[in-house]
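Written out below as structure tokens is the structure these notes cover.
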Amino acid sequence: MNKPDFERVERADLDPRDRVIHRVADAVHRLNEAIQRAVNEGVSVELVRVSRHHGGNGSWGDQIVPTVRESDRAIKDAA
């Protein structure tokens, strides 16, 4: 049996702070790809901050929800 041309590459050991930063960056990248796919299908997407999470140590982060609607053209085409 032939060995595949690719192999899993383990990520370097990261401290917990760097690991969570990478996790957020990965999630944002996936979100941006999903938004592009939705827009290409005729859907408009707006991200709206709904709250802010405070960590109690001076750090905070915005929490968002998407507002999604079909474009006027997509609605006309469906009719």
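Naming scheme: A, B, ... for chains in displayed order of the structure tokens; residues 1 onward per chain; ligands 1 onward as shown.
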
Counting only C-alpha atoms, what are the residues of range 11-50 of chain A within 12 Å of range 66-69 of chain A, and for each of them which pair of atoms is the nearest and at what distance in Å, to one decimal? Sort the table by chain and rising number, as CSV.
```
residue,atom,partner,partner_atom,distance
A:Leu31,CA,A:Pro66,CA,10.4
A:Asn32,CA,A:Pro66,CA,11.8
A:Ala34,CA,A:Pro66,CA,11.4
A:Ile35,CA,A:Pro66,CA,9.6
A:Ala38,CA,A:Val68,CA,9.2
A:Val39,CA,A:Val68,CA,9.9
A:Glu41,CA,A:Arg69,CA,11.3
A:Gly42,CA,A:Arg69,CA,8.8
A:Val43,CA,A:Arg69,CA,5.7
A:Ser44,CA,A:Arg69,CA,5.3
A:Val45,CA,A:Val68,CA,4.7
A:Glu46,CA,A:Thr67,CA,5.1
A:Leu47,CA,A:Pro66,CA,4.5
A:Val48,CA,A:Pro66,CA,6.1
A:Arg49,CA,A:Pro66,CA,8.9
A:Val50,CA,A:Pro66,CA,9.8
```

Using only N, CA and C atoms, please write the residues we just selected to a file, as a PDB file, in the first residue's frame.
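Saved result, selection-v4.pdb, follows:
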```
ATOM      1  N   LEU A  31     -15.417  31.810   9.922  1.00  0.00           N
ATOM      2  CA  LEU A  31     -16.581  32.689   9.837  1.00  0.00           C
ATOM      3  C   LEU A  31     -16.520  33.544   8.571  1.00  0.00           C
ATOM      4  N   ASN A  32     -15.354  34.106   8.275  1.00  0.00           N
ATOM      5  CA  ASN A  32     -15.206  34.917   7.068  1.00  0.00           C
ATOM      6  C   ASN A  32     -15.477  34.095   5.809  1.00  0.00           C
ATOM      7  N   ALA A  34     -17.462  31.485   5.618  1.00  0.00           N
ATOM      8  CA  ALA A  34     -18.901  31.236   5.596  1.00  0.00           C
ATOM      9  C   ALA A  34     -19.659  32.474   5.114  1.00  0.00           C
ATOM     10  N   ILE A  35     -19.216  33.655   5.522  1.00  0.00           N
ATOM     11  CA  ILE A  35     -19.854  34.897   5.082  1.00  0.00           C
ATOM     12  C   ILE A  35     -19.680  35.064   3.570  1.00  0.00           C
ATOM     13  N   ALA A  38     -22.100  32.796   1.828  1.00  0.00           N
ATOM     14  CA  ALA A  38     -23.469  33.302   1.940  1.00  0.00           C
ATOM     15  C   ALA A  38     -23.699  34.473   0.991  1.00  0.00           C
ATOM     16  N   VAL A  39     -22.757  35.402   0.942  1.00  0.00           N
ATOM     17  CA  VAL A  39     -22.883  36.557   0.052  1.00  0.00           C
ATOM     18  C   VAL A  39     -22.929  36.103  -1.402  1.00  0.00           C
ATOM     19  N   GLU A  41     -24.172  33.507  -2.507  1.00  0.00           N
ATOM     20  CA  GLU A  41     -25.479  32.888  -2.740  1.00  0.00           C
ATOM     21  C   GLU A  41     -26.622  33.892  -2.647  1.00  0.00           C
ATOM     22  N   GLY A  42     -26.306  35.192  -2.509  1.00  0.00           N
ATOM     23  CA  GLY A  42     -27.338  36.220  -2.500  1.00  0.00           C
ATOM     24  C   GLY A  42     -27.862  36.599  -1.137  1.00  0.00           C
ATOM     25  N   VAL A  43     -27.117  36.272  -0.085  1.00  0.00           N
ATOM     26  CA  VAL A  43     -27.547  36.596   1.270  1.00  0.00           C
ATOM     27  C   VAL A  43     -26.639  37.691   1.820  1.00  0.00           C
ATOM     28  N   SER A  44     -27.244  38.692   2.456  1.00  0.00           N
ATOM     29  CA  SER A  44     -26.466  39.739   3.112  1.00  0.00           C
ATOM     30  C   SER A  44     -26.282  39.368   4.576  1.00  0.00           C
ATOM     31  N   VAL A  45     -25.085  39.609   5.095  1.00  0.00           N
ATOM     32  CA  VAL A  45     -24.763  39.241   6.468  1.00  0.00           C
ATOM     33  C   VAL A  45     -24.136  40.444   7.172  1.00  0.00           C
ATOM     34  N   GLU A  46     -24.688  40.796   8.316  1.00  0.00           N
ATOM     35  CA  GLU A  46     -24.106  41.846   9.145  1.00  0.00           C
ATOM     36  C   GLU A  46     -23.861  41.261  10.529  1.00  0.00           C
ATOM     37  N   LEU A  47     -22.683  41.476  11.058  1.00  0.00           N
ATOM     38  CA  LEU A  47     -22.374  41.021  12.411  1.00  0.00           C
ATOM     39  C   LEU A  47     -22.663  42.164  13.382  1.00  0.00           C
ATOM     40  N   VAL A  48     -23.429  41.859  14.425  1.00  0.00           N
ATOM     41  CA  VAL A  48     -23.860  42.874  15.376  1.00  0.00           C
ATOM     42  C   VAL A  48     -23.389  42.480  16.770  1.00  0.00           C
ATOM     43  N   ARG A  49     -22.726  43.408  17.436  1.00  0.00           N
ATOM     44  CA  ARG A  49     -22.321  43.140  18.823  1.00  0.00           C
ATOM     45  C   ARG A  49     -23.559  43.157  19.709  1.00  0.00           C
ATOM     46  N   VAL A  50     -23.739  42.077  20.468  1.00  0.00           N
ATOM     47  CA  VAL A  50     -24.897  41.985  21.353  1.00  0.00           C
ATOM     48  C   VAL A  50     -24.509  42.098  22.820  1.00  0.00           C
TER      49      VAL A  50
END
```

Write down as an MDAnalysis selection string the residues of chain A whose backbone DSSP state falls under helix (DSSP H, G or I). chainID A and resid 16:40 72:78

Given the selection you just returned, output its residues as a file containing N, CA, C and O atoms, formatted as a compact mmCIF listing (two decimals), in the first residue's frame.
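Saved result, again-v5.txt, follows:
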```txt
# COMPACT_ATOMS: atom_id res chain seq x y z
N PRO A 16 -0.99 28.43 26.97
CA PRO A 16 -2.45 28.56 26.90
C PRO A 16 -2.92 29.87 26.28
O PRO A 16 -3.90 29.89 25.53
N ARG A 17 -2.22 30.97 26.54
CA ARG A 17 -2.62 32.27 25.98
C ARG A 17 -2.50 32.25 24.45
O ARG A 17 -3.41 32.69 23.75
N ASP A 18 -1.38 31.78 23.94
CA ASP A 18 -1.21 31.72 22.48
C ASP A 18 -2.20 30.74 21.86
O ASP A 18 -2.69 30.97 20.76
N ARG A 19 -2.50 29.66 22.55
CA ARG A 19 -3.45 28.67 22.03
C ARG A 19 -4.83 29.29 21.85
O ARG A 19 -5.48 29.09 20.81
N VAL A 20 -5.30 30.08 22.81
CA VAL A 20 -6.63 30.68 22.67
C VAL A 20 -6.64 31.76 21.59
O VAL A 20 -7.64 31.94 20.90
N ILE A 21 -5.53 32.47 21.42
CA ILE A 21 -5.45 33.46 20.34
C ILE A 21 -5.55 32.76 18.99
O ILE A 21 -6.29 33.21 18.10
N HIS A 22 -4.85 31.66 18.82
CA HIS A 22 -4.92 30.88 17.58
C HIS A 22 -6.33 30.34 17.36
O HIS A 22 -6.83 30.31 16.23
N ARG A 23 -6.98 29.91 18.43
CA ARG A 23 -8.33 29.36 18.32
C ARG A 23 -9.31 30.43 17.83
O ARG A 23 -10.16 30.17 16.96
N VAL A 24 -9.21 31.64 18.37
CA VAL A 24 -10.08 32.73 17.92
C VAL A 24 -9.77 33.07 16.46
O VAL A 24 -10.69 33.24 15.65
N ALA A 25 -8.49 33.14 16.11
CA ALA A 25 -8.12 33.47 14.72
C ALA A 25 -8.65 32.42 13.76
O ALA A 25 -9.17 32.76 12.68
N ASP A 26 -8.56 31.14 14.11
CA ASP A 26 -9.09 30.07 13.25
C ASP A 26 -10.60 30.20 13.08
O ASP A 26 -11.14 30.04 11.99
N ALA A 27 -11.30 30.49 14.19
CA ALA A 27 -12.75 30.62 14.14
C ALA A 27 -13.16 31.82 13.28
O ALA A 27 -14.12 31.73 12.50
N VAL A 28 -12.44 32.93 13.39
CA VAL A 28 -12.75 34.11 12.58
C VAL A 28 -12.52 33.80 11.10
O VAL A 28 -13.31 34.20 10.24
N HIS A 29 -11.46 33.07 10.80
CA HIS A 29 -11.18 32.69 9.42
C HIS A 29 -12.33 31.85 8.85
O HIS A 29 -12.81 32.11 7.73
N ARG A 30 -12.79 30.88 9.61
CA ARG A 30 -13.92 30.04 9.16
C ARG A 30 -15.19 30.87 9.01
O ARG A 30 -15.97 30.68 8.07
N LEU A 31 -15.42 31.81 9.92
CA LEU A 31 -16.58 32.69 9.84
C LEU A 31 -16.52 33.54 8.57
O LEU A 31 -17.51 33.68 7.85
N ASN A 32 -15.35 34.11 8.28
CA ASN A 32 -15.21 34.92 7.07
C ASN A 32 -15.48 34.10 5.81
O ASN A 32 -16.11 34.58 4.87
N GLU A 33 -15.01 32.86 5.77
CA GLU A 33 -15.29 32.00 4.62
C GLU A 33 -16.79 31.73 4.50
O GLU A 33 -17.34 31.75 3.39
N ALA A 34 -17.46 31.49 5.62
CA ALA A 34 -18.90 31.24 5.60
C ALA A 34 -19.66 32.47 5.11
O ALA A 34 -20.63 32.36 4.36
N ILE A 35 -19.22 33.65 5.52
CA ILE A 35 -19.85 34.90 5.08
C ILE A 35 -19.68 35.06 3.57
O ILE A 35 -20.63 35.42 2.87
N GLN A 36 -18.49 34.79 3.06
CA GLN A 36 -18.27 34.90 1.62
C GLN A 36 -19.18 33.95 0.84
O GLN A 36 -19.77 34.33 -0.18
N ARG A 37 -19.33 32.72 1.34
CA ARG A 37 -20.21 31.76 0.66
C ARG A 37 -21.66 32.25 0.69
O ARG A 37 -22.38 32.16 -0.30
N ALA A 38 -22.10 32.80 1.83
CA ALA A 38 -23.47 33.30 1.94
C ALA A 38 -23.70 34.47 0.99
O ALA A 38 -24.72 34.52 0.29
N VAL A 39 -22.76 35.40 0.94
CA VAL A 39 -22.88 36.56 0.05
C VAL A 39 -22.93 36.10 -1.40
O VAL A 39 -23.73 36.61 -2.20
N ASN A 40 -22.10 35.14 -1.76
CA ASN A 40 -22.10 34.62 -3.14
C ASN A 40 -23.41 33.95 -3.50
O ASN A 40 -23.74 33.82 -4.68
N ASP A 72 -32.59 41.79 -2.25
CA ASP A 72 -33.85 42.05 -2.96
C ASP A 72 -33.90 41.27 -4.26
O ASP A 72 -34.95 40.77 -4.64
N ARG A 73 -32.76 41.13 -4.93
CA ARG A 73 -32.73 40.39 -6.20
C ARG A 73 -33.06 38.91 -5.97
O ARG A 73 -33.81 38.30 -6.72
N ALA A 74 -32.48 38.31 -4.90
CA ALA A 74 -32.76 36.90 -4.62
C ALA A 74 -34.24 36.69 -4.31
O ALA A 74 -34.84 35.69 -4.70
N ILE A 75 -34.86 37.66 -3.62
CA ILE A 75 -36.28 37.54 -3.28
C ILE A 75 -37.12 37.62 -4.57
O ILE A 75 -38.05 36.85 -4.76
N LYS A 76 -36.75 38.54 -5.48
CA LYS A 76 -37.48 38.67 -6.75
C LYS A 76 -37.33 37.42 -7.61
O LYS A 76 -38.26 36.96 -8.24
N ASP A 77 -36.11 36.87 -7.63
CA ASP A 77 -35.85 35.67 -8.42
C ASP A 77 -36.64 34.47 -7.90
O ASP A 77 -37.03 33.59 -8.66
N ALA A 78 -36.87 34.43 -6.58
CA ALA A 78 -37.59 33.30 -5.98
C ALA A 78 -39.10 33.40 -6.24
O ALA A 78 -39.80 32.40 -6.18
```

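Running DSSP on the backbone and keeping only strand (DSSP E), the residues of chain A that qualify are Val43, Ser44, Val45, Glu46, Leu47, Val48, Arg49, Val50, Ser51, Arg52, His53, His54, Trp60, Gly61, Asp62, Gln63, Ile64, Val65, Pro66, Thr67, Val68, Arg69 and Glu70 of chain A.
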
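One finds CA of Asp13 in chain A at 24.6 Å from CA of Gly55 in chain A.
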
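CA of Leu14 in chain A is positioned 24.9 Å from CA of Gln63 in chain A.
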
What separation in Å, quoted to one decimal, exists between CA of Arg52 in chain A and CA of Asp15 in chain A? 24.9 Å
